[in-house]
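Enquirer: File model-v2.cif below, mmCIF, C-alpha atoms:
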```cif
data_final
loop_
_atom_site.group_PDB
_atom_site.id
_atom_site.type_symbol
_atom_site.label_atom_id
_atom_site.label_comp_id
_atom_site.auth_asym_id
_atom_site.auth_seq_id
_atom_site.Cartn_x
_atom_site.Cartn_y
_atom_site.Cartn_z
ATOM 1 C CA VAL E 19 5.059 -5.839 0.156
ATOM 2 C CA SER E 20 5.077 -7.792 -3.101
ATOM 3 C CA GLY E 21 3.077 -5.911 -5.723
ATOM 4 C CA ALA E 22 2.599 -2.837 -3.511
ATOM 5 C CA ASP E 23 3.208 0.695 -4.779
ATOM 6 C CA ALA E 24 5.808 2.317 -2.525
ATOM 7 C CA VAL E 25 6.936 5.926 -2.426
ATOM 8 C CA VAL E 26 10.252 6.712 -0.751
ATOM 9 C CA LEU E 27 10.537 10.396 0.135
ATOM 10 C CA GLY E 28 14.229 11.175 0.243
ATOM 11 C CA ARG E 29 17.156 10.079 -1.901
ATOM 12 C CA SER E 30 19.999 9.981 0.608
ATOM 13 C CA ASN E 31 22.615 7.256 0.503
ATOM 14 C CA ILE E 32 21.971 6.591 4.190
ATOM 15 C CA VAL E 33 18.182 5.973 4.143
ATOM 16 C CA GLY E 34 16.311 6.761 0.939
ATOM 17 C CA MET E 35 18.232 4.791 -1.670
ATOM 18 C CA PRO E 36 18.903 1.704 0.523
ATOM 19 C CA VAL E 37 15.209 1.555 1.524
ATOM 20 C CA ALA E 38 14.202 1.844 -2.137
ATOM 21 C CA ALA E 39 16.542 -1.037 -3.030
ATOM 22 C CA LEU E 40 15.204 -3.131 -0.140
ATOM 23 C CA LEU E 41 11.591 -2.546 -1.211
ATOM 24 C CA GLN E 42 12.474 -3.439 -4.810
ATOM 25 C CA SER E 43 14.129 -6.648 -3.609
ATOM 26 C CA MET E 44 10.778 -7.479 -1.991
ATOM 27 C CA ASN E 45 8.997 -6.945 -5.341
ATOM 28 C CA ALA E 46 7.401 -3.575 -4.558
ATOM 29 C CA THR E 47 7.073 -0.982 -7.304
ATOM 30 C CA VAL E 48 9.141 1.904 -5.963
ATOM 31 C CA THR E 49 9.100 5.625 -6.762
ATOM 32 C CA VAL E 50 11.867 7.710 -5.183
ATOM 33 C CA CYS E 51 10.878 11.342 -4.621
ATOM 34 C CA HIS E 52 12.507 14.327 -2.942
ATOM 35 C CA SER E 53 11.582 17.792 -1.723
ATOM 36 C CA ARG E 54 11.673 19.210 -5.267
ATOM 37 C CA THR E 55 9.634 16.481 -6.976
ATOM 38 C CA LYS E 56 6.764 17.976 -8.972
ATOM 39 C CA ARG E 57 3.246 16.952 -7.897
ATOM 40 C CA LEU E 58 4.684 15.286 -4.789
ATOM 41 C CA LYS E 59 1.327 15.151 -3.008
ATOM 42 C CA GLU E 60 -0.291 13.316 -5.943
ATOM 43 C CA LYS E 61 2.531 10.762 -6.068
ATOM 44 C CA VAL E 62 2.227 10.082 -2.337
ATOM 45 C CA GLN E 63 -1.567 9.710 -2.620
ATOM 46 C CA GLN E 64 -1.038 6.693 -4.911
ATOM 47 C CA ALA E 65 1.231 4.830 -2.487
ATOM 48 C CA ASP E 66 0.384 1.717 -0.486
ATOM 49 C CA ILE E 67 3.636 2.217 1.433
ATOM 50 C CA VAL E 68 5.169 5.619 2.253
ATOM 51 C CA VAL E 69 8.683 5.944 3.670
ATOM 52 C CA ALA E 70 9.371 9.541 4.729
ATOM 53 C CA ALA E 71 13.029 10.501 5.059
ATOM 54 C CA LEU E 72 13.106 14.085 3.776
ATOM 55 C CA GLY E 73 14.280 15.959 6.847
ATOM 56 C CA LYS E 74 11.359 18.408 6.608
ATOM 57 C CA THR E 75 9.276 18.826 9.759
ATOM 58 C CA GLU E 76 5.777 17.341 9.324
ATOM 59 C CA MET E 77 5.882 17.906 5.554
ATOM 60 C CA VAL E 78 3.643 14.925 4.761
ATOM 61 C CA ARG E 79 0.073 15.742 5.782
ATOM 62 C CA GLY E 80 -2.889 13.447 6.318
ATOM 63 C CA ASP E 81 -4.579 14.479 3.069
ATOM 64 C CA TRP E 82 -1.464 13.354 1.168
ATOM 65 C CA LEU E 83 -2.052 9.735 2.172
ATOM 66 C CA LYS E 84 -4.033 6.964 0.527
ATOM 67 C CA PRO E 85 -6.524 5.533 3.047
ATOM 68 C CA GLY E 86 -5.163 2.331 4.567
ATOM 69 C CA CYS E 87 -1.555 2.905 3.530
ATOM 70 C CA VAL E 88 1.431 2.031 5.711
ATOM 71 C CA VAL E 89 3.650 4.950 6.772
ATOM 72 C CA ILE E 90 7.246 4.597 7.936
ATOM 73 C CA ASP E 91 8.459 7.943 9.286
ATOM 74 C CA VAL E 92 12.249 8.012 9.412
ATOM 75 C CA GLY E 93 12.511 11.755 10.051
ATOM 76 C CA ILE E 94 13.462 13.224 13.393
ATOM 77 C CA ASN E 95 13.092 16.976 13.867
ATOM 78 C CA ALA E 96 13.104 19.179 16.950
ATOM 79 C CA VAL E 97 10.323 21.766 17.230
ATOM 80 C CA GLU E 98 10.053 24.416 19.915
ATOM 81 C CA ASP E 99 7.716 23.507 22.755
ATOM 82 C CA SER E 100 7.806 25.640 25.892
ATOM 83 C CA THR E 101 5.773 23.016 27.784
ATOM 84 C CA LYS E 102 8.727 20.593 27.611
ATOM 85 C CA LYS E 103 11.650 20.745 30.023
ATOM 86 C CA ALA E 104 14.150 20.791 27.140
ATOM 87 C CA GLY E 105 12.177 23.519 25.378
ATOM 88 C CA HIS E 106 11.506 21.313 22.364
ATOM 89 C CA ARG E 107 9.901 18.045 21.322
ATOM 90 C CA LEU E 108 10.710 15.582 18.560
ATOM 91 C CA VAL E 109 8.454 15.088 15.523
ATOM 92 C CA GLY E 110 8.866 13.303 12.216
ATOM 93 C CA ASP E 111 8.549 14.182 8.563
ATOM 94 C CA VAL E 112 4.886 13.090 8.709
ATOM 95 C CA CYS E 113 2.218 14.962 10.665
ATOM 96 C CA PHE E 114 1.341 12.087 12.999
ATOM 97 C CA ALA E 115 -1.846 13.721 14.352
ATOM 98 C CA GLU E 116 -3.334 13.809 10.834
ATOM 99 C CA ALA E 117 -1.785 10.645 9.392
ATOM 100 C CA LYS E 118 -2.932 8.323 12.188
ATOM 101 C CA HIS E 119 -6.536 8.795 11.031
ATOM 102 C CA VAL E 120 -5.732 7.789 7.437
ATOM 103 C CA ALA E 121 -2.953 5.191 7.586
ATOM 104 C CA SER E 122 -3.577 1.591 8.643
ATOM 105 C CA MET E 123 -0.150 1.574 10.342
ATOM 106 C CA ILE E 124 2.353 4.318 11.141
ATOM 107 C CA THR E 125 5.644 4.466 13.014
ATOM 108 C CA PRO E 126 5.754 7.043 15.809
ATOM 109 C CA VAL E 127 8.463 9.651 16.298
ATOM 110 C CA PRO E 128 10.230 9.239 18.621
ATOM 111 C CA GLY E 129 10.261 5.493 19.309
ATOM 112 C CA GLY E 130 9.560 4.019 15.877
ATOM 113 C CA VAL E 131 12.457 3.613 13.481
ATOM 114 C CA GLY E 132 15.160 4.685 15.980
ATOM 115 C CA PRO E 133 15.089 1.541 18.133
ATOM 116 C CA MET E 134 15.098 -0.616 14.960
ATOM 117 C CA THR E 135 18.154 1.273 13.731
ATOM 118 C CA ILE E 136 19.985 0.481 16.964
ATOM 119 C CA ALA E 137 18.907 -3.184 16.764
ATOM 120 C CA MET E 138 20.216 -3.485 13.192
ATOM 121 C CA LEU E 139 23.515 -1.804 14.121
ATOM 122 C CA LEU E 140 23.932 -4.366 16.892
ATOM 123 C CA LYS E 141 23.042 -7.194 14.501
ATOM 124 C CA ASN E 142 25.647 -5.945 12.019
ATOM 125 C CA THR E 143 28.222 -5.770 14.807
ATOM 126 C CA VAL E 144 27.510 -9.406 15.701
ATOM 127 C CA GLN E 145 27.753 -10.384 12.012
ATOM 128 C CA LEU E 146 31.159 -8.695 11.726
ATOM 129 C CA ALA E 147 32.364 -10.375 14.916
ATOM 130 C CA ARG E 148 31.226 -13.776 13.552
ATOM 131 C CA HIS E 149 32.998 -13.048 10.257
ATOM 132 C CA SER E 150 36.239 -12.088 12.033
ATOM 133 C CA LEU E 151 36.118 -15.437 13.865
ATOM 134 C CA GLY E 152 35.469 -17.391 10.666
ATOM 135 C CA LEU E 153 31.924 -18.331 11.676
ATOM 136 C CA PRO E 154 29.145 -18.572 9.066
ATOM 137 C CA ARG E 155 26.889 -15.636 8.352
ATOM 138 C CA ILE E 156 23.380 -15.593 9.837
ATOM 139 C CA PRO E 157 20.919 -15.006 6.936
ATOM 140 C CA LEU E 158 18.979 -11.732 6.923
ATOM 141 C CA ARG E 159 15.727 -13.374 5.871
ATOM 142 C CA THR E 160 14.968 -16.960 6.771
ATOM 143 C CA ASN E 161 11.472 -16.986 5.269
ATOM 144 C CA ALA E 162 11.308 -14.744 2.217
ATOM 145 C CA SER E 163 7.641 -15.462 1.481
ATOM 146 C CA PHE E 164 7.323 -12.319 -0.663
ATOM 147 C CA ASN E 165 9.391 -14.048 -3.358
ATOM 148 C CA ARG E 166 7.181 -17.116 -3.585
ATOM 149 C CA VAL E 167 4.393 -17.335 -6.138
ATOM 150 C CA SER E 168 1.966 -20.228 -6.217
ATOM 151 C CA VAL E 169 0.932 -22.071 -9.370
ATOM 152 C CA ASP E 170 -2.229 -19.949 -9.720
ATOM 153 C CA GLY E 171 -0.146 -16.742 -9.615
ATOM 154 C CA THR E 172 -1.040 -15.659 -6.065
ATOM 155 C CA ALA E 173 1.452 -15.147 -3.281
#
```
Translate the structure of the given file into structure tokens.

Expert:
Amino acid sequence: VSGADAVVLGRSNIVGMPVAALLQSMNATVTVCHSRTKRLKEKVQQADIVVAALGKTEMVRGDWLKPGCVVIDVGINAVEDSTKKAGHRLVGDVCFAEAKHVASMITPVPGGVGPMTIAMLLKNTVQLARHSLGLPRIPLRTNASFNRVSVDGTA
């Protein structure tokens, strides 16, 4: 992450801004964009890391992505699909079918970020329970290697 160019699509207080702050704390260069950002496609094409949290069904297309980038799709949108029992299926803010051929890694929707969200909510619940009992906090990162720089300037 350190030194990577990251684009966060979405500026919500729930996902976009906290993710941007987290990436900055890991020494990424972060650009926060939204649905009305001018030349959005060009900004995304420069990114090593793309976090999509716009709430727009499959807005990010494969040709928007820099080859080899990492894509984290936080979006969850229902689209009509008569072949499904519920009459719809879930997709993200990134067109997975196109992006999987360009990105080196991509989170699926459903099943990508959702389970991590639940895991982190449970972790926070345990942290609060420990705090209420006067027990010490468990550190978030035990090996923050992204903050270490060797003598020759490499990570």

Enquirer: Please identify all polymer residues within 7 Å of Val69 in chain E, counting only C-alpha atoms, omitting same-chain residues fewer than 3 positions from it, and present them as a PDB file with C-alpha atoms, in the coordinates of the input.

Expert:
```pdb
ATOM      1  CA  VAL E  25       6.936   5.926  -2.426  1.00  0.00           C
ATOM      2  CA  VAL E  26      10.252   6.712  -0.751  1.00  0.00           C
ATOM      3  CA  LEU E  27      10.537  10.396   0.135  1.00  0.00           C
ATOM      4  CA  VAL E  89       3.650   4.950   6.772  1.00  0.00           C
ATOM      5  CA  ILE E  90       7.246   4.597   7.936  1.00  0.00           C
ATOM      6  CA  ASP E  91       8.459   7.943   9.286  1.00  0.00           C
TER       7      ASP E  91
END
```

Enquirer: Specify as a ChimeraX atom specification each residue included when the PyMOL selection byres ((chain E and resi 60) around 12) is applied to this file.

Expert: /E:25,51,55-59,61-65,78-79,81-84

Enquirer: With all atoms listed in the file as the atoms that count, which of E:Ala71, E:Val92, E:Ala147, E:Ala46 lies nearest to Ala22 in chain E?

Expert: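 Answer, going by the shortest atom-to-atom distance: E:Ala46.
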
Enquirer: Determine, counting all atoms listed in the file, every residue of protein, DNA or RNA that lies within 10 Å of (1.7, 9.8, 18.4) in the file coordinates, then give the result as a PyMOL selection string.

Expert: chain E and resi 109+113-118+124-129

Enquirer: Set the distance at 6 Å and use all atoms listed in the file: which residues neighbour Ala121 in chain E once local chain neighbours fewer than 4 positions away are removed? I'd like the list as an MDAnalysis selection string.

Expert: chainID E and resid 85:88 117

Enquirer: Need the shell around range 95-103 of chain E: protein/DNA/RNA residues with any atom at most 8 Å away, counting all atoms listed in the file. Skip same-chain ones fewer than 4 positions apart. Format as a PyMOL selection string?

Expert: chain E and resi 73-75+107-111

Enquirer: Please determine, counting all atoms listed in the file, which residue among E:Ser20, E:Thr135, E:Asn142, E:Ser30 has the shortest atom-to-atom distance to Ser53 in chain E.

Expert: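 Using all atoms listed in the file, the shortest distance to Ser53 in chain E belongs to E:Ser30.
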
Enquirer: Mind pulling up the distance from CA of Asp23 in chain E to CA of Val48 in chain E?

Expert: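 These atoms are spaced 6.2 Å apart.
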
Enquirer: As an exercise, work out the distance from CA of Ile94 in chain E to CA of Asn31 in chain E in Å and give it to one decimal place.

Expert: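 Going from CA of Ile94 in chain E over to CA of Asn31 in chain E, I get 16.9 Å.
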
Enquirer: Extract, using all atoms listed in the file, all DNA, RNA and protein residues at most 10 Å from Asn45 in chain E, discarding same-chain residues fewer than 4 positions from it, and format them as a ChimeraX atom specification.

Expert: /E:19-23,39-41,164-165
